[in-house]
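Asks: Let me give you the structure first, and then I'll get to my questions.
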Amino acid sequence: MKGWMFLAGVLLAGCSSSYPYVITNDNCYCERYLYRYPHGAISIEVEAKYAVNDRISSSISLTFHNASRDTLDLRQAFIKGTSRNVRYAANDRFLPLPFVLVPPGGSYSITLEGTEPEVHPNPWHRIAGEQVVLELKGLLLGGKLFDSIIITMIPRNPHFS
């Protein structure tokens, strides 16, 4: 019986909670942010969270909504996430979005996940002062190229709440 209790204790100790990133665009301090492209036909919902164990793991969810009469084209779109303190494998590099067309009235969701490759004795030190900047480029609507979209996030640190 003691062996099972020890195993349960080890398993529970390895679990971590997730904490939200707060998006700071447009004077917002929001855990869920809705970016509206000028003229309001296209919007992008953004939500992100992170977990801290012996390293930091993050998850960023994007949902593209197309309320226009044209097709939203992600086939030439790229996303770049730049972290100030965490060295993700794809940090500060543009990566292609999936080869997707979002029809009028449609939506498309994607979740990006990353884990820091290095183990740290106290990874919470990396959260202090952390900032992640997302940049989306190459979105097309009816053949017209969007300007780059920049979304800035900071982690909500439970040690300072």
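Letters for chains follow the order of the structure tokens (A, B, ...), residue numbers begin at 1 for each chain, and ligand numbers begin at 1 in the order shown.
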Just want the 12 Å neighbourhood of Asn66 in chain A, counted on only C-alpha atoms, with same-chain residues fewer than 2 positions away dropped. Output as a ChimeraX atom specification.
Replies: /A:36-37,39-45,63-64,68-74,101-109,139-142
Asks: Check the smallest atom-to-atom distance from each of A:Ala51, A:Ile110, A:Lys144, A:Ala67 to Trp124 in chain A using only C-alpha atoms, then report the winner.
Replies: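 Closest candidate: A:Ala51.
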Asks: Nearest residue to Glu130 in chain A out of A:Pro96, A:Pro20, A:Pro155, A:Gly81, using only C-alpha atoms?
Replies: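 Closest to Glu130 in chain A of all the choices is A:Pro155.
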Asks: To one decimal in Å, tell me the separation between CA of Ala90 in chain A and CA of Asn53 in chain A.
Replies: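 Between these atoms lies a distance of 20.0 Å.
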Asks: Neighbours of Tyr29 in chain A within 10 Å (only C-alpha atoms; same-chain residues fewer than 5 positions away dropped), as a list in words?
Replies: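 Everything that qualifies: Tyr21, Val22, Ile23, Thr24, Met153 and Ile154 of chain A.
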Asks: If you count only C-alpha atoms, which residues fall within 6 Å of Glu116 in chain A, apart from same-chain ones fewer than 5 positions away, as a ChimeraX atom specification?
Replies: /A:55-56,87-88
Asks: Could the residues in this selection be saved with C-alpha atoms as a PDB file, in the first residue's frame?
Replies:
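Contents of selection.pdb, freshly written:
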```pdb
ATOM      1  CA  ARG A  55      10.951  23.564 -18.474  1.00  0.00           C
ATOM      2  CA  ILE A  56       8.296  25.816 -19.993  1.00  0.00           C
ATOM      3  CA  ARG A  87      14.341  29.434 -26.328  1.00  0.00           C
ATOM      4  CA  TYR A  88      11.748  27.437 -28.237  1.00  0.00           C
TER       5      TYR A  88
END
```
Asks: Which residue, A:Val52, A:His120, A:Thr152, A:Glu113, has the smallest gap to Ala89 in chain A when you use only C-alpha atoms?
Replies: A:Glu113
Asks: Hey, can you check how far CA of Leu34 in chain A sits from CA of Ser148 in chain A?
Replies: 15.8 Å
Asks: From the set A:Arg156, A:Arg75, A:Arg84, A:Lys137, which residue has the shortest atom-to-atom contact distance to Pro98 in chain A, counting only C-alpha atoms?
Replies: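 Residue with the minimum atom-to-atom distance to Pro98 in chain A: A:Arg75.
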